[in-house]
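Worksheet: the structure to be examined is printed underneath.
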Amino acid sequence: MKKQHLIAFALISFALSGLASAQFEQDAAVIADRYLTAMQRKGYSFLSKDELLRRRDQIALFTAKHLKQRLNEPTRTAILEGIDRCINRLYRAPAGKIHYSNGFGSGGEEWMYLNDRDYFLTFQYHLWVGLTHSVLSPDDIQRRNTQRQWMRQYLVNLPTRGIQEPRPRKGKRSGEVRGWAIGEMEKAFADPLHLLSEPMPDDGFVKLQDRFKQFSNGIASDFHAMEVAALVSRFVRKKDSAGRYGQKFLGQLPFNDTVVDLWGNGPSLYFASNADFRGNLGLLNPSGVYDVIRCVGMQAKPAGVAMEDWLAKEGRGELTLDGSIIRAVRGAKIANLSVMNWFDADKLSEDQLNASIRNNGLDHILINKLPPENGLHREDRSEGEFFIVVQNCERRLAVVNMHNYEFGQVMFWCRPRTPEQ
């Protein structure tokens, strides 16, 4: 009889275990489907149906791995609504949007394309935060409530700039900004995927308060600064002079990658795994040299033959600026490309890029027709912006979008095709 009871207990336990597993899989499927629907609504041309389905399956596996308990209905609803908001914060530009004047020579759907992997990983980070929420201690609850009340009062009491008040979106009236910002903040507090749903570390919150004591950028911008502060407080910046990026950010991630920067748009994390595809903003003045493979500037004191000797010792660096002329150094070559956006540039194979160098390679190009950085500009790269390919002496390639030239400094966006090993 005792043996029969043990067998029955084992069968019941096995059945309950299978039921729990099925419920977890169901929750994971619902969450993955919500992600898929949110991304399908975006309609980006660079994300195929098959790619979105692959990501949907990846989100299902990710959720099943990190989900610790069966979701009750209110929690499930909050997470699903949080997914929609998170996707909208990260993927802000609509499909087909052309806006190449965001300060980095890009914008619109093209900017979503360059940053897509960072946004996808940042979304997974936020989803992980929502799935692994732990019960707060009484002290943490008090700290969270104190911080929330301070942020509420700050936005309520912040003086309005009247008709000059910056607006978060077109169609929003200046008198509606405060109500919008407070409403968005309350949604963030209730959103398990949003970092404002949890208390900030004390030092991070003090930094936020100190920043607001110094200046304000308006009601909507200051609410966004709160969102940025919640992310920044979780990833501490450390100087890393010996590393490629010059800095690293220490914080917990649910996957194997390295945070190399934090950007206010979204806000989002920038990862080492997307650094070369995303590229980097390049600045070059007459005293500098630019390394197009590592996407970093180098300050060089010597000039002429002395600079070439210095570069030979450094073993890197391809571009210098001489007035309104970009000169190739260290045996590099430059060729113009007949493309006007990164979508078309990425369609060119390495063989085609090498052929451009072989057939039309030069040791310098003129940049005097580039538009200045300041002032009003068209957003379609019709003011003299152009693309080039650079091949260095090691036959590595980089594609560069030259977009602004002003005050003796050229600005460009650089993306290596054959990254440093």
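Chain labels run A, B, ... following the order of the structure tokens; each chain numbers its residues from 1, and ligands are numbered from 1 in the order shown.
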If you run DSSP on the backbone here, which positions in region 214-345 of chain A get helix (DSSP H, G or I)? Please write them as a PyMOL selection string.
chain A and resi 214+219-232+272-278+305-314+342-345
Write out as an MDAnalysis selection string each polymer residue whose atoms come within 12 Å of Val329 (chain A), counting only C-alpha atoms; drop sequence neighbours fewer than 2 positions from it.
chainID A and resid 288:292 303:305 307:312 315:322 326:327 331:334 362:364 390:393
Can I get the selection written as a PDB file, in the first residue's frame, with C-alpha atoms?
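The new file again-v3.pdb reads:
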ATOM      1  CA  GLY A 288      44.248  64.640 -36.125  1.00  0.00           C
ATOM      2  CA  VAL A 289      44.343  61.291 -37.868  1.00  0.00           C
ATOM      3  CA  TYR A 290      41.353  58.963 -38.119  1.00  0.00           C
ATOM      4  CA  ASP A 291      41.497  55.190 -37.824  1.00  0.00           C
ATOM      5  CA  VAL A 292      38.617  53.961 -40.016  1.00  0.00           C
ATOM      6  CA  ALA A 303      53.202  66.904 -39.786  1.00  0.00           C
ATOM      7  CA  GLY A 304      54.526  65.913 -43.200  1.00  0.00           C
ATOM      8  CA  VAL A 305      57.263  63.280 -43.202  1.00  0.00           C
ATOM      9  CA  MET A 307      53.633  62.345 -39.341  1.00  0.00           C
ATOM     10  CA  GLU A 308      54.209  59.463 -41.754  1.00  0.00           C
ATOM     11  CA  ASP A 309      57.008  58.176 -39.526  1.00  0.00           C
ATOM     12  CA  TRP A 310      54.776  58.502 -36.467  1.00  0.00           C
ATOM     13  CA  LEU A 311      51.933  56.657 -38.208  1.00  0.00           C
ATOM     14  CA  ALA A 312      54.279  53.883 -39.309  1.00  0.00           C
ATOM     15  CA  GLY A 315      50.554  50.939 -37.302  1.00  0.00           C
ATOM     16  CA  ARG A 316      47.090  52.452 -37.774  1.00  0.00           C
ATOM     17  CA  GLY A 317      45.308  55.553 -39.058  1.00  0.00           C
ATOM     18  CA  GLU A 318      44.123  56.259 -42.606  1.00  0.00           C
ATOM     19  CA  LEU A 319      42.715  59.800 -42.991  1.00  0.00           C
ATOM     20  CA  THR A 320      43.976  63.327 -42.252  1.00  0.00           C
ATOM     21  CA  LEU A 321      42.550  66.775 -42.971  1.00  0.00           C
ATOM     22  CA  ASP A 322      44.469  69.400 -44.926  1.00  0.00           C
ATOM     23  CA  ILE A 326      40.880  64.717 -46.939  1.00  0.00           C
ATOM     24  CA  ARG A 327      44.216  62.992 -47.481  1.00  0.00           C
ATOM     25  CA  GLY A 331      49.326  53.859 -47.984  1.00  0.00           C
ATOM     26  CA  ALA A 332      45.527  54.056 -47.827  1.00  0.00           C
ATOM     27  CA  LYS A 333      43.320  54.730 -50.862  1.00  0.00           C
ATOM     28  CA  ILE A 334      39.938  56.485 -51.209  1.00  0.00           C
ATOM     29  CA  LEU A 362      42.826  58.308 -54.971  1.00  0.00           C
ATOM     30  CA  ASP A 363      45.062  59.590 -52.208  1.00  0.00           C
ATOM     31  CA  HIS A 364      42.812  62.588 -51.494  1.00  0.00           C
ATOM     32  CA  VAL A 390      38.616  53.588 -47.721  1.00  0.00           C
ATOM     33  CA  GLN A 391      41.086  50.741 -48.156  1.00  0.00           C
ATOM     34  CA  ASN A 392      44.111  50.760 -45.847  1.00  0.00           C
ATOM     35  CA  CYS A 393      47.534  49.256 -46.465  1.00  0.00           C
TER      36      CYS A 393
END
Backbone-only DSSP, strand (DSSP E) members of region 158-249 of chain A, as a PyMOL selection string
chain A and resi 236-240+246-249
Save the residues we just selected, C-alpha atoms, as a compact mmCIF listing (two decimals), in the first residue's frame?
# COMPACT_ATOMS: atom_id res chain seq x y z
CA VAL A 236 28.41 52.53 -14.08
CA ARG A 237 30.85 54.05 -16.55
CA LYS A 238 34.52 53.17 -16.06
CA LYS A 239 37.42 54.60 -18.01
CA ASP A 240 39.22 51.96 -20.07
CA GLY A 246 38.04 53.97 -24.12
CA GLN A 247 35.28 53.14 -21.63
CA LYS A 248 33.14 50.31 -20.37
CA PHE A 249 29.90 50.13 -18.44
Of the candidates A:Met402, A:Val410, A:Leu158, A:Val129, which shows the shortest atom-to-atom distance to Lys213 (chain A), using only C-alpha atoms?
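Of A:Met402, A:Val410, A:Leu158, A:Val129, the one nearest Lys213 (chain A), counting only C-alpha atoms, is A:Leu158.
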Can you pull out the residues contacting His224 (chain A)? Cut-off 12 Å, using only C-alpha atoms, and skip same-chain residues under 4 positions away; I want them as a PDB file with C-alpha atoms, in the first residue's frame.
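Output below, filename around-v1.pdb:
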ATOM      1  CA  ARG A  89      10.428  54.029 -27.216  1.00  0.00           C
ATOM      2  CA  MET A 151       9.624  63.344  -9.431  1.00  0.00           C
ATOM      3  CA  LEU A 155       7.170  68.043 -12.964  1.00  0.00           C
ATOM      4  CA  PRO A 168       7.349  65.835 -27.307  1.00  0.00           C
ATOM      5  CA  ALA A 181       4.613  64.116 -19.192  1.00  0.00           C
ATOM      6  CA  ILE A 182       2.940  63.358 -15.861  1.00  0.00           C
ATOM      7  CA  GLU A 184       3.702  59.084 -19.171  1.00  0.00           C
ATOM      8  CA  MET A 185       5.545  59.073 -15.858  1.00  0.00           C
ATOM      9  CA  ALA A 188       6.296  54.174 -16.377  1.00  0.00           C
ATOM     10  CA  LEU A 196      11.281  53.773 -13.294  1.00  0.00           C
ATOM     11  CA  LEU A 208      19.464  63.311 -11.146  1.00  0.00           C
ATOM     12  CA  SER A 216      16.077  72.387 -17.216  1.00  0.00           C
ATOM     13  CA  ASN A 217      15.424  71.575 -20.865  1.00  0.00           C
ATOM     14  CA  GLY A 218      11.660  71.745 -20.485  1.00  0.00           C
ATOM     15  CA  ILE A 219       8.988  69.504 -19.008  1.00  0.00           C
ATOM     16  CA  ALA A 220       9.056  66.725 -21.626  1.00  0.00           C
ATOM     17  CA  VAL A 228      17.848  58.121 -18.874  1.00  0.00           C
ATOM     18  CA  ALA A 229      18.920  58.429 -15.229  1.00  0.00           C
ATOM     19  CA  ALA A 230      17.133  55.171 -14.374  1.00  0.00           C
ATOM     20  CA  LEU A 231      19.205  53.373 -17.020  1.00  0.00           C
ATOM     21  CA  TRP A 263      22.423  56.728 -25.644  1.00  0.00           C
ATOM     22  CA  GLY A 264      19.585  59.000 -24.620  1.00  0.00           C
ATOM     23  CA  ASN A 265      17.306  58.034 -27.515  1.00  0.00           C
ATOM     24  CA  GLY A 266      15.049  55.342 -26.128  1.00  0.00           C
ATOM     25  CA  PRO A 267      17.115  55.408 -23.952  1.00  0.00           C
TER      26      PRO A 267
END
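Once Asn274 (chain A) and its same-chain neighbours fewer than 3 positions away are set aside, Asn115, Arg117, Asp118, Tyr270, Phe271, Phe277 and Arg278 of chain A remain within 8 Å of it when counting only C-alpha atoms.
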Taking 2 positions as the minimum chain separation for residues in the same chain, which residues sit within 7 Å of region 131-146 of chain A when counting only C-alpha atoms? Answer as a PDB file with C-alpha atoms, in the first residue's frame.
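Output contents, as saved in result_9.pdb:
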ATOM      1  CA  HIS A  66      13.909  33.747 -17.183  1.00  0.00           C
ATOM      2  CA  LEU A  67      10.273  33.445 -16.143  1.00  0.00           C
ATOM      3  CA  LYS A  68      10.332  32.323 -12.515  1.00  0.00           C
ATOM      4  CA  LEU A 127      11.920  42.236 -20.695  1.00  0.00           C
ATOM      5  CA  TRP A 128      14.317  40.474 -18.320  1.00  0.00           C
ATOM      6  CA  VAL A 129      13.786  43.268 -15.775  1.00  0.00           C
ATOM      7  CA  ARG A 148       8.353  58.936  -7.117  1.00  0.00           C
ATOM      8  CA  GLN A 149       6.808  61.693  -5.036  1.00  0.00           C
ATOM      9  CA  TRP A 150       9.839  63.918  -5.656  1.00  0.00           C
ATOM     10  CA  GLU A 198      11.877  50.233  -9.444  1.00  0.00           C
ATOM     11  CA  PRO A 199      13.793  52.551  -7.101  1.00  0.00           C
TER      12      PRO A 199
END
With distances taken over only C-alpha atoms, which residue among A:Arg396, A:Ser382, A:Pro94, A:Thr75 lies nearest Tyr113 (chain A)?
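The shortest atom-to-atom distance to Tyr113 (chain A) comes from A:Pro94.
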Excluding same-chain residues fewer than 2 positions from Leu71 (chain A), what lies within 12 Å of it counting only C-alpha atoms, as a count of residues only?
26
With distances taken over only C-alpha atoms, which of A:Ser221, A:Thr122, A:Gln40, A:Gln153 is nearest to Glu165 (chain A)?
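Closest to Glu165 (chain A) of all the choices is A:Ser221.
CA of Arg417 (chain A) sits 21.5 Å away from CA of Tyr100 (chain A).
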Which polymer residues have any atom within 7 Å of an atom of Val389 (chain A), counting only C-alpha atoms, with same-chain residues fewer than 4 positions away left out, as a ChimeraX atom specification?
/A:334-337,353,397-400
Quick one, how far is CA of Asp380 (chain A) from CA of Ile98 (chain A)?
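So the answer is 6.5 Å.
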One decimal, in Å: what's the spacing between CA of Phe223 (chain A) and CA of Arg85 (chain A)?
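Pair CA of Phe223 (chain A) / CA of Arg85 (chain A) returns 15.4 Å.
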Residue with smallest distance to Gly279 (chain A) - pool A:Pro372, A:Pro416, A:Gly43, A:Gly361, counting only C-alpha atoms:
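The closest residue to Gly279 (chain A) is A:Pro416.
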